[in-house]
Amino acid sequence: MATKQITKLFAAMVLAGVASHSFAADTIKIGIAGPKTGPVTQYGDMQFTGAKQAIADINAKGGVDVDGKKLLLEAKEYDDACDPKQAVAVANKIVNDGVKFVVGHLCSSSTQPPSDIYEDEGIIMITPAATAPEITARGYKNIFRTIGLDSAQGPAAGNYIADHVKPKVVAVLHDKQQYGEGIATAVKQTLENKGVKVAVFEGVNAGDKDFAAVIAKLKQANVDFVYYGGYHPELGLILRQAKEKGLNAKFMGPEGVGNDSISQIAQGASEGLLVTLPQAFDQQPENKALVAKFVADKKDPTGPFVFPAYTAVEVIAQGIEQAKSEDTAKVAKAIHDGTFKTPMGDLSFDDKGDLKNFKFVVYEWHFGKPKTEVSPQ
Amino acid sequence: MPDIYHFFQMLVNGLNVGSTYALIAIGYTMVYGIIGMINFAHGEVYMIGSYIAFIAIAGLTMMGLDSVPLLLTGAFIASIVVTSAYGYSIERVAYRPLRGSNRLIPLISAIGMSIFLQNMVLLSQDSKDKSIPNLIPGGFTFGPGGASEVVVSYMQIVVFVVTLLAMLGLTLFISRSRLGRACRACAEDMKMANLLGINTNNVIALTFVIGAALAAVAAVLISVQYGVINPGSGFLVGLKAFTAAVLGGIGSIPGAMLGGLVLGVAEAFGADIFGDQYKDVVAFGLLVLVLLFRPTGILGRPEIEKV
Amino acid sequence: MTRNLKSAFFSALLVWAVAYPVLGLKLTIVGINIEVHNTSTFTLSVIAICSLLMFVRVLFNQQLSAAWKASPNMPKVPSKATDFLTLPSTQRWIILGLVIVALIWPFYGSRGAVDIATLILIYVMLGLGLNIVVGLAGLLDLGYVGFYAVGAYTYALLAHYFGLSFWICLPLAGLMAATFGFLLGFPVLRLRGDYLAIVTLGFGEIIRLFLRNLTDITGGPNGISNIPKPTLFGLSFDRTAAEGMQTFHEYFGIAYNSINKVIFLYLIALVLVLIVLFVINRLLRMPIGRAWEALREDEIACRALGLNPTIIKLSAFTLGATFAGFAGSFFAARQGLVTPESFTFLESAIILAIVVLGGMGSQLGVILAAVVMILLPEMMRDFSEYRMLLFGALMVLMMIWRPQGLLPMQRPHLELRK
């Protein structure tokens, strides 16, 4: 144990040494890395929107206070197309560019390889979107995230289904993506631990439009409750087609589906959908001004990653202020130790770099009306 | 007997998807039949068609129109006109300068074109999914109810009818009209057709236009039925339609129609038996199997080896 | 003139039909409804100018092309220079020169540059492998990425379940990919031309889908992470060594520098590429290499000469797959993570584009094309979201500019004087 401490200390010292001589600039560069091209661009756009807005807001207030000196933030955007191969190239470019703080990446698969490089190079990375538990499970000091884990959200949903909904026949679907399958598996396990049998457990193809086959199967199995792990485009279509085909089941999904787009896609079929959400940041009264700012800039504040990305920048800025230094080792320590006032509430991080006390609440969706909270957990 | 109902439900769903595959597959097959190239940008033409359909529907709705037949007609006309323009321009820009070179060259050019078009729409229309409400809700229900029923939505019927009409129109055009005869002549022997006074450049352009127009028909049908589009949606549909074209025997128009339907039905049943995540495996597996026993597809003509 | 005017008018209209609906109008979501709006007057004026230019261009087509032809000193590469560049003997010297440069520069290059170079080398390896199948044997393979995936997953799975090291897995990955190539190639190689293309495409997708769906073995969409990096005779390049291991910098008593790891990976990739180059060059001089090219030129003549096309095709297919397997296992080592999404059809398309752009069959061409195809999107990073748009457009332009490839293959030959 002691040796580990010493190695850590040594690592921190080396990092400090490496880091200290590259800080002469007048701005603090914040790298934002995520997909700007490729199939998942729409999620990347949410991240860029949130992070850029935060940087603009902080700069409007005069910048970040580093031990009495006000420094402005500078956004540097990097496109990784959610491709792990390109993500490594991006990470190396970030190292080359002397960027010390990164908000990103988006997909779990393109977050993991770069995180090795960032940790190695003493760069602080906060991902607002990658939910795979493995990312923070490797004892890294510089890797954080401002979003809940698959392994936390799944049980919350599973417990709610077993304790409150008590359905007769349950189906669990997912989109065969890291995020969706991770949550769906966690839900299934929780349900089975509680003695609820899962009749259908199946993956669908993300990006597909026709879900008639899977709906026919659900109907044949007389399913009355469906949990879907994934994002809103597919669930929206499933809801729509389920209604058309006369499948009478209640649906539930994770925060990836919990945004206004689901009402837009599923229309009336979104009525009664259950969603586990951290909290609807964009609908909280204290965030009204911020939401108005997004809307004024013709940006969409509703996506699941907008606020986590905004918050990630806030955490970096406040971490720098609390550490009274731009030194990443000190900032990383400050982020681990401190508490941060952000649009997502007062946040603090645990040893792994995940959010402490990140709770999920179950909401019921209403078409054309605001959602309502159904269970305080 | 819930299983019979289930069987028919799968069949209806499969034919529904299959008929749209067939419409797009014709574009691949006609281009291949005439100039022997795989037009990988065809899926993107379909995607652009679906955006035009949405733009037309949204525009007409904003003008205060709310009659569904009129909206659909507007979408069809706008989409067909614009995608035809795309079909023509793509041929002109990316393929015509390459005619006569090694057949892999236009293939790469087509892949480049496909990347270009997809990103163009991504940039101009942004990345978010766009959706419209269900224009033709409701449907017929057969059977006692619960698990034992077959639901055929009105929209599915519209898809069948429109597809049938489009196929019929195309078949008549190809077999009866002067231009259709010119098309067939070019597919048979381009040089000879040229010598006989057919403007082969125009015929090739026409092939691209017809293919694009049929893709537009499919685009309107699919995007109205499912109600959601995004810039990435062309690729997968294009790949499936291409598979359908090869399955039926590439170069043969009836083959593309049959291939589309077979592929759609096989996917529906495959998804039912092996699970939805194996749908694409079933589609490609079927293709491999068919080609093993019939190396030129279901209706393809056996190639004559020339020395 | 009226005919010209008519077609000019048509072309101008075409510009509007193509550009206005997609670029000039934009769908926006308002609440739960969708609306369509004009984008900006700027876009409209750009479209208008383009259509006007098109009008003028088509109207004065003959005059313009005459002027174009008349314009002196066109920036054209003299044909002698390209001839010289594509001669096999020159190519050998160029390759030798390149190798020397490639060995030395990373020690002076930046971390990002060396890493990109490593990526390029992976694609050189893939391009050379596919070059055997497409360029030399003339078999259109659109599912090459499947074998790449097999190689990557072979190393990832063996390292994950049995803790085998990179150096043991590298040949195993090649062997595994070769087996796949052999088994898949056997039934399908009797298909002709484009039917072969779609079947290989299907196989590539099937392999990817199975990797994605067999979650219990392959980790499904999560893939396999924490794949160890290669070691130098047991010396790792990490900051701190794992139990019972020693690190490179400790052993040699130098300060830890993370760039060493990157350079080491680069050098491994370089060595692998050199081995592949050497093997292919040897094979090309052997009967089998000659048979590949003969088969590409004329299958019937080959058969008449008593060559067995199936065996020749299969050998090309298997060998190509083997090199993809090597490249795959190295890719897994570089990434530290493999997921099915790294092996999509687009990847096959890029590799094929490298082979075609290089000039089918030409090895120097493949190297050059790999550099162009990988470096281009990286250099265009500053264009941000316009990156892929430009990339697609450049792919089309390069094909039109040089349909024969950058450096097409040339056989030693004599030209008869007329």
# chains A, B, ... in the order shown; residues from 1 in each chain; ligands from 1

$ residues_around --residues "stretch 334-340 of chain C" --least-positions-apart "6" --cutoff "8 Å" --atoms "only C-alpha atoms" --output "ChimeraX atom specification"
/A:84-85,88,109,112-113 /C:149,152-153,156,208-209,211-212,220-229,265

$ select_by_dssp --residues "stretch 79-141 of chain B" --states "alpha helix (DSSP H)" --output "PyMOL selection string"
chain B and resi 79-90+104-125

$ write_last_selection --atoms "C-alpha atoms" --output "PDB file, in the first residue's frame"
ATOM      1  CA  SER B  79     -38.996  14.323 -54.252  1.00  0.00           C
ATOM      2  CA  ILE B  80     -39.040  12.766 -57.717  1.00  0.00           C
ATOM      3  CA  VAL B  81     -38.050  16.012 -59.420  1.00  0.00           C
ATOM      4  CA  VAL B  82     -35.176  16.780 -57.088  1.00  0.00           C
ATOM      5  CA  THR B  83     -33.740  13.276 -56.827  1.00  0.00           C
ATOM      6  CA  SER B  84     -33.936  12.920 -60.602  1.00  0.00           C
ATOM      7  CA  ALA B  85     -31.848  16.061 -60.829  1.00  0.00           C
ATOM      8  CA  TYR B  86     -29.427  14.457 -58.390  1.00  0.00           C
ATOM      9  CA  GLY B  87     -29.310  11.215 -60.349  1.00  0.00           C
ATOM     10  CA  TYR B  88     -28.537  13.112 -63.516  1.00  0.00           C
ATOM     11  CA  SER B  89     -25.928  15.389 -61.945  1.00  0.00           C
ATOM     12  CA  ILE B  90     -24.128  12.582 -60.151  1.00  0.00           C
ATOM     13  CA  LEU B 104     -13.122  -0.238 -60.085  1.00  0.00           C
ATOM     14  CA  ILE B 105     -12.485   3.445 -60.742  1.00  0.00           C
ATOM     15  CA  PRO B 106     -16.147   4.498 -60.897  1.00  0.00           C
ATOM     16  CA  LEU B 107     -16.781   2.317 -57.856  1.00  0.00           C
ATOM     17  CA  ILE B 108     -14.345   4.352 -55.762  1.00  0.00           C
ATOM     18  CA  SER B 109     -15.712   7.549 -57.253  1.00  0.00           C
ATOM     19  CA  ALA B 110     -19.185   6.412 -56.189  1.00  0.00           C
ATOM     20  CA  ILE B 111     -18.009   5.748 -52.640  1.00  0.00           C
ATOM     21  CA  GLY B 112     -16.472   9.235 -52.575  1.00  0.00           C
ATOM     22  CA  MET B 113     -19.723  10.688 -53.883  1.00  0.00           C
ATOM     23  CA  SER B 114     -21.653   8.848 -51.203  1.00  0.00           C
ATOM     24  CA  ILE B 115     -19.423  10.272 -48.447  1.00  0.00           C
ATOM     25  CA  PHE B 116     -19.783  13.729 -49.985  1.00  0.00           C
ATOM     26  CA  LEU B 117     -23.577  13.669 -50.248  1.00  0.00           C
ATOM     27  CA  GLN B 118     -24.066  12.278 -46.771  1.00  0.00           C
ATOM     28  CA  ASN B 119     -21.913  15.002 -45.247  1.00  0.00           C
ATOM     29  CA  MET B 120     -23.512  17.680 -47.364  1.00  0.00           C
ATOM     30  CA  VAL B 121     -26.915  16.857 -45.929  1.00  0.00           C
ATOM     31  CA  LEU B 122     -25.402  16.490 -42.474  1.00  0.00           C
ATOM     32  CA  LEU B 123     -24.035  20.026 -42.715  1.00  0.00           C
ATOM     33  CA  SER B 124     -27.025  21.719 -44.288  1.00  0.00           C
ATOM     34  CA  GLN B 125     -29.806  19.955 -42.409  1.00  0.00           C
TER      35      GLN B 125
END

$ select_by_dssp --residues "stretch 27-214 of chain B" --states "strand (DSSP E)" --output "PyMOL selection string"
chain B and resi 130-131+139-145+148-153

$ residues_around --residues "stretch 155-161 of chain A" --least-positions-apart "3" --cutoff "9 Å" --atoms "only C-alpha atoms" --output "list of chain:residue names"
A:Asp150, A:Ser151, A:Ala152, A:His164, A:Val165, A:Lys166, A:Pro167, A:Ile183, A:Ala186, A:Val187, A:Lys188, A:Gln189, A:Thr190, A:Leu191, A:Lys194, A:Phe225, A:Tyr227, A:Met252, A:Gly253, A:Pro254, A:Val275, A:Thr276, A:Lys359, A:Phe360, A:Val361, A:Val362, A:Ser375, A:Gln377

$ interface_residues --of "chain B" --to "chain A" --cutoff "6 Å" --atoms "only C-alpha atoms" --output "list in words"
Ser127, Lys128, Ser131, Ala147, Val151, Gly232, Ala268, Asp272, Asp276 and Gln277 of chain B

$ closest_residue --among "C:Gln404, C:Ser165, C:Ser258, C:Leu119" --to "A:Glu119" --atoms "only C-alpha atoms"
C:Ser258

$ residues_around --residues "stretch 138-145 of chain B" --least-positions-apart "4" --cutoff "10 Å" --atoms "only C-alpha atoms" --output "mmCIF file with N, CA and C atoms, in the first residue's frame"
data_model
loop_
_atom_site.group_PDB
_atom_site.id
_atom_site.type_symbol
_atom_site.label_atom_id
_atom_site.label_comp_id
_atom_site.auth_asym_id
_atom_site.auth_seq_id
_atom_site.Cartn_x
_atom_site.Cartn_y
_atom_site.Cartn_z
ATOM 1 N N LYS A 243 -47.859 1.096 -31.222
ATOM 2 C CA LYS A 243 -49.219 1.612 -31.139
ATOM 3 C C LYS A 243 -50.010 1.219 -32.379
ATOM 4 N N GLU A 244 -49.359 1.344 -33.527
ATOM 5 C CA GLU A 244 -50.021 0.976 -34.780
ATOM 6 C C GLU A 244 -50.432 -0.483 -34.790
ATOM 7 N N LYS A 245 -49.556 -1.323 -34.255
ATOM 8 C CA LYS A 245 -49.803 -2.761 -34.317
ATOM 9 C C LYS A 245 -50.630 -3.234 -33.128
ATOM 10 N N GLY A 246 -51.076 -2.303 -32.302
ATOM 11 C CA GLY A 246 -51.951 -2.683 -31.204
ATOM 12 C C GLY A 246 -51.270 -3.465 -30.101
ATOM 13 N N MET B 1 -55.374 -20.676 -32.815
ATOM 14 C CA MET B 1 -54.247 -20.797 -33.749
ATOM 15 C C MET B 1 -53.492 -19.470 -33.832
ATOM 16 N N PRO B 2 -52.853 -19.074 -32.783
ATOM 17 C CA PRO B 2 -52.160 -17.779 -32.875
ATOM 18 C C PRO B 2 -51.005 -17.810 -33.869
ATOM 19 N N TYR B 5 -51.769 -16.592 -37.361
ATOM 20 C CA TYR B 5 -51.876 -15.136 -37.412
ATOM 21 C C TYR B 5 -50.488 -14.510 -37.382
ATOM 22 N N GLN B 9 -48.822 -12.093 -40.083
ATOM 23 C CA GLN B 9 -48.326 -10.778 -39.700
ATOM 24 C C GLN B 9 -46.882 -10.589 -40.177
ATOM 25 N N ASN B 134 -47.725 10.677 -37.873
ATOM 26 C CA ASN B 134 -48.278 9.660 -38.751
ATOM 27 C C ASN B 134 -49.386 10.272 -39.601
ATOM 28 N N GLU B 149 -53.851 -11.842 -33.894
ATOM 29 C CA GLU B 149 -54.455 -10.937 -34.857
ATOM 30 C C GLU B 149 -53.395 -10.473 -35.839
ATOM 31 N N VAL B 150 -53.907 -10.095 -36.996
ATOM 32 C CA VAL B 150 -53.015 -9.559 -38.020
ATOM 33 C C VAL B 150 -53.417 -8.116 -38.242
ATOM 34 N N VAL B 151 -52.472 -7.218 -38.076
ATOM 35 C CA VAL B 151 -52.773 -5.810 -38.294
ATOM 36 C C VAL B 151 -52.123 -5.380 -39.606
ATOM 37 N N VAL B 152 -52.955 -4.875 -40.500
ATOM 38 C CA VAL B 152 -52.432 -4.314 -41.745
ATOM 39 C C VAL B 152 -52.812 -2.844 -41.740
ATOM 40 N N SER B 153 -51.789 -1.975 -41.577
ATOM 41 C CA SER B 153 -52.134 -0.563 -41.477
ATOM 42 C C SER B 153 -52.453 -0.005 -42.856
ATOM 43 N N TYR B 154 -53.223 1.090 -42.884
ATOM 44 C CA TYR B 154 -53.561 1.718 -44.159
ATOM 45 C C TYR B 154 -52.296 2.113 -44.905
ATOM 46 N N MET B 155 -51.311 2.569 -44.112
ATOM 47 C CA MET B 155 -50.064 3.002 -44.733
ATOM 48 C C MET B 155 -49.407 1.845 -45.475
ATOM 49 N N GLN B 156 -49.476 0.648 -44.868
ATOM 50 C CA GLN B 156 -48.881 -0.512 -45.542
ATOM 51 C C GLN B 156 -49.577 -0.766 -46.872
ATOM 52 N N ILE B 157 -50.892 -0.578 -46.875
ATOM 53 C CA ILE B 157 -51.630 -0.776 -48.123
ATOM 54 C C ILE B 157 -51.199 0.264 -49.152
#

$ decode --residues "stretch 173-206 of chain C" --atoms "N, CA and C atoms" --output "PDB file, in the first residue's frame"
ATOM      1  N   ALA C 173      -2.579 -14.814 -35.226  1.00  0.00           N
ATOM      2  CA  ALA C 173      -3.610 -13.985 -35.847  1.00  0.00           C
ATOM      3  C   ALA C 173      -3.555 -14.117 -37.359  1.00  0.00           C
ATOM      4  N   GLY C 174      -2.323 -14.115 -37.891  1.00  0.00           N
ATOM      5  CA  GLY C 174      -2.183 -14.299 -39.324  1.00  0.00           C
ATOM      6  C   GLY C 174      -2.734 -15.642 -39.763  1.00  0.00           C
ATOM      7  N   LEU C 175      -2.423 -16.660 -38.978  1.00  0.00           N
ATOM      8  CA  LEU C 175      -2.871 -18.014 -39.292  1.00  0.00           C
ATOM      9  C   LEU C 175      -4.388 -18.113 -39.260  1.00  0.00           C
ATOM     10  N   MET C 176      -4.956 -17.491 -38.236  1.00  0.00           N
ATOM     11  CA  MET C 176      -6.408 -17.527 -38.060  1.00  0.00           C
ATOM     12  C   MET C 176      -7.096 -16.835 -39.243  1.00  0.00           C
ATOM     13  N   ALA C 177      -6.581 -15.661 -39.594  1.00  0.00           N
ATOM     14  CA  ALA C 177      -7.184 -14.922 -40.703  1.00  0.00           C
ATOM     15  C   ALA C 177      -7.030 -15.718 -41.990  1.00  0.00           C
ATOM     16  N   ALA C 178      -5.873 -16.372 -42.150  1.00  0.00           N
ATOM     17  CA  ALA C 178      -5.666 -17.185 -43.339  1.00  0.00           C
ATOM     18  C   ALA C 178      -6.682 -18.316 -43.399  1.00  0.00           C
ATOM     19  N   THR C 179      -6.923 -18.944 -42.236  1.00  0.00           N
ATOM     20  CA  THR C 179      -7.905 -20.024 -42.196  1.00  0.00           C
ATOM     21  C   THR C 179      -9.271 -19.524 -42.632  1.00  0.00           C
ATOM     22  N   PHE C 180      -9.646 -18.362 -42.085  1.00  0.00           N
ATOM     23  CA  PHE C 180     -10.928 -17.777 -42.470  1.00  0.00           C
ATOM     24  C   PHE C 180     -10.955 -17.500 -43.972  1.00  0.00           C
ATOM     25  N   GLY C 181      -9.864 -16.927 -44.462  1.00  0.00           N
ATOM     26  CA  GLY C 181      -9.800 -16.611 -45.880  1.00  0.00           C
ATOM     27  C   GLY C 181      -9.957 -17.862 -46.720  1.00  0.00           C
ATOM     28  N   PHE C 182      -9.303 -18.926 -46.271  1.00  0.00           N
ATOM     29  CA  PHE C 182      -9.356 -20.180 -47.011  1.00  0.00           C
ATOM     30  C   PHE C 182     -10.773 -20.750 -47.001  1.00  0.00           C
ATOM     31  N   LEU C 183     -11.359 -20.790 -45.788  1.00  0.00           N
ATOM     32  CA  LEU C 183     -12.686 -21.403 -45.661  1.00  0.00           C
ATOM     33  C   LEU C 183     -13.757 -20.616 -46.401  1.00  0.00           C
ATOM     34  N   LEU C 184     -13.673 -19.283 -46.299  1.00  0.00           N
ATOM     35  CA  LEU C 184     -14.681 -18.473 -46.971  1.00  0.00           C
ATOM     36  C   LEU C 184     -14.417 -18.435 -48.463  1.00  0.00           C
ATOM     37  N   GLY C 185     -13.142 -18.438 -48.819  1.00  0.00           N
ATOM     38  CA  GLY C 185     -12.804 -18.335 -50.229  1.00  0.00           C
ATOM     39  C   GLY C 185     -13.212 -19.573 -50.994  1.00  0.00           C
ATOM     40  N   PHE C 186     -13.125 -20.726 -50.363  1.00  0.00           N
ATOM     41  CA  PHE C 186     -13.360 -21.973 -51.074  1.00  0.00           C
ATOM     42  C   PHE C 186     -14.695 -22.006 -51.807  1.00  0.00           C
ATOM     43  N   PRO C 187     -15.808 -21.749 -51.098  1.00  0.00           N
ATOM     44  CA  PRO C 187     -17.083 -21.833 -51.826  1.00  0.00           C
ATOM     45  C   PRO C 187     -17.338 -20.677 -52.784  1.00  0.00           C
ATOM     46  N   VAL C 188     -16.803 -19.479 -52.501  1.00  0.00           N
ATOM     47  CA  VAL C 188     -17.272 -18.322 -53.266  1.00  0.00           C
ATOM     48  C   VAL C 188     -16.410 -17.971 -54.464  1.00  0.00           C
ATOM     49  N   LEU C 189     -15.233 -18.577 -54.549  1.00  0.00           N
ATOM     50  CA  LEU C 189     -14.333 -18.090 -55.592  1.00  0.00           C
ATOM     51  C   LEU C 189     -14.755 -18.507 -56.997  1.00  0.00           C
ATOM     52  N   ARG C 190     -15.760 -19.360 -57.106  1.00  0.00           N
ATOM     53  CA  ARG C 190     -16.214 -19.674 -58.457  1.00  0.00           C
ATOM     54  C   ARG C 190     -17.173 -18.606 -58.970  1.00  0.00           C
ATOM     55  N   LEU C 191     -17.584 -17.698 -58.084  1.00  0.00           N
ATOM     56  CA  LEU C 191     -18.445 -16.598 -58.534  1.00  0.00           C
ATOM     57  C   LEU C 191     -17.627 -15.621 -59.359  1.00  0.00           C
ATOM     58  N   ARG C 192     -18.315 -14.931 -60.245  1.00  0.00           N
ATOM     59  CA  ARG C 192     -17.579 -14.034 -61.124  1.00  0.00           C
ATOM     60  C   ARG C 192     -17.750 -12.585 -60.683  1.00  0.00           C
ATOM     61  N   GLY C 193     -16.736 -11.809 -60.946  1.00  0.00           N
ATOM     62  CA  GLY C 193     -16.748 -10.352 -60.840  1.00  0.00           C
ATOM     63  C   GLY C 193     -17.526  -9.781 -59.679  1.00  0.00           C
ATOM     64  N   ASP C 194     -18.610  -9.120 -60.012  1.00  0.00           N
ATOM     65  CA  ASP C 194     -19.311  -8.349 -58.999  1.00  0.00           C
ATOM     66  C   ASP C 194     -20.119  -9.208 -58.039  1.00  0.00           C
ATOM     67  N   TYR C 195     -20.438 -10.426 -58.459  1.00  0.00           N
ATOM     68  CA  TYR C 195     -21.102 -11.324 -57.510  1.00  0.00           C
ATOM     69  C   TYR C 195     -20.145 -11.663 -56.381  1.00  0.00           C
ATOM     70  N   LEU C 196     -18.887 -11.853 -56.742  1.00  0.00           N
ATOM     71  CA  LEU C 196     -17.871 -12.099 -55.718  1.00  0.00           C
ATOM     72  C   LEU C 196     -17.788 -10.899 -54.776  1.00  0.00           C
ATOM     73  N   ALA C 197     -17.865  -9.705 -55.361  1.00  0.00           N
ATOM     74  CA  ALA C 197     -17.754  -8.489 -54.554  1.00  0.00           C
ATOM     75  C   ALA C 197     -18.836  -8.455 -53.490  1.00  0.00           C
ATOM     76  N   ILE C 198     -20.074  -8.703 -53.871  1.00  0.00           N
ATOM     77  CA  ILE C 198     -21.158  -8.578 -52.896  1.00  0.00           C
ATOM     78  C   ILE C 198     -21.107  -9.712 -51.880  1.00  0.00           C
ATOM     79  N   VAL C 199     -20.671 -10.898 -52.304  1.00  0.00           N
ATOM     80  CA  VAL C 199     -20.595 -11.994 -51.336  1.00  0.00           C
ATOM     81  C   VAL C 199     -19.510 -11.716 -50.304  1.00  0.00           C
ATOM     82  N   THR C 200     -18.380 -11.200 -50.756  1.00  0.00           N
ATOM     83  CA  THR C 200     -17.333 -10.877 -49.782  1.00  0.00           C
ATOM     84  C   THR C 200     -17.807  -9.755 -48.864  1.00  0.00           C
ATOM     85  N   LEU C 201     -18.542  -8.798 -49.445  1.00  0.00           N
ATOM     86  CA  LEU C 201     -19.101  -7.728 -48.607  1.00  0.00           C
ATOM     87  C   LEU C 201     -20.000  -8.339 -47.536  1.00  0.00           C
ATOM     88  N   GLY C 202     -20.839  -9.293 -47.973  1.00  0.00           N
ATOM     89  CA  GLY C 202     -21.729  -9.976 -47.032  1.00  0.00           C
ATOM     90  C   GLY C 202     -20.953 -10.687 -45.945  1.00  0.00           C
ATOM     91  N   PHE C 203     -19.894 -11.384 -46.322  1.00  0.00           N
ATOM     92  CA  PHE C 203     -19.094 -12.086 -45.326  1.00  0.00           C
ATOM     93  C   PHE C 203     -18.478 -11.113 -44.325  1.00  0.00           C
ATOM     94  N   GLY C 204     -17.973 -10.011 -44.847  1.00  0.00           N
ATOM     95  CA  GLY C 204     -17.384  -9.006 -43.964  1.00  0.00           C
ATOM     96  C   GLY C 204     -18.393  -8.531 -42.935  1.00  0.00           C
ATOM     97  N   GLU C 205     -19.611  -8.253 -43.393  1.00  0.00           N
ATOM     98  CA  GLU C 205     -20.641  -7.780 -42.480  1.00  0.00           C
ATOM     99  C   GLU C 205     -21.043  -8.883 -41.507  1.00  0.00           C
ATOM    100  N   ILE C 206     -21.132 -10.127 -42.008  1.00  0.00           N
ATOM    101  CA  ILE C 206     -21.531 -11.229 -41.123  1.00  0.00           C
ATOM    102  C   ILE C 206     -20.515 -11.391 -40.000  1.00  0.00           C
TER     103      ILE C 206
END
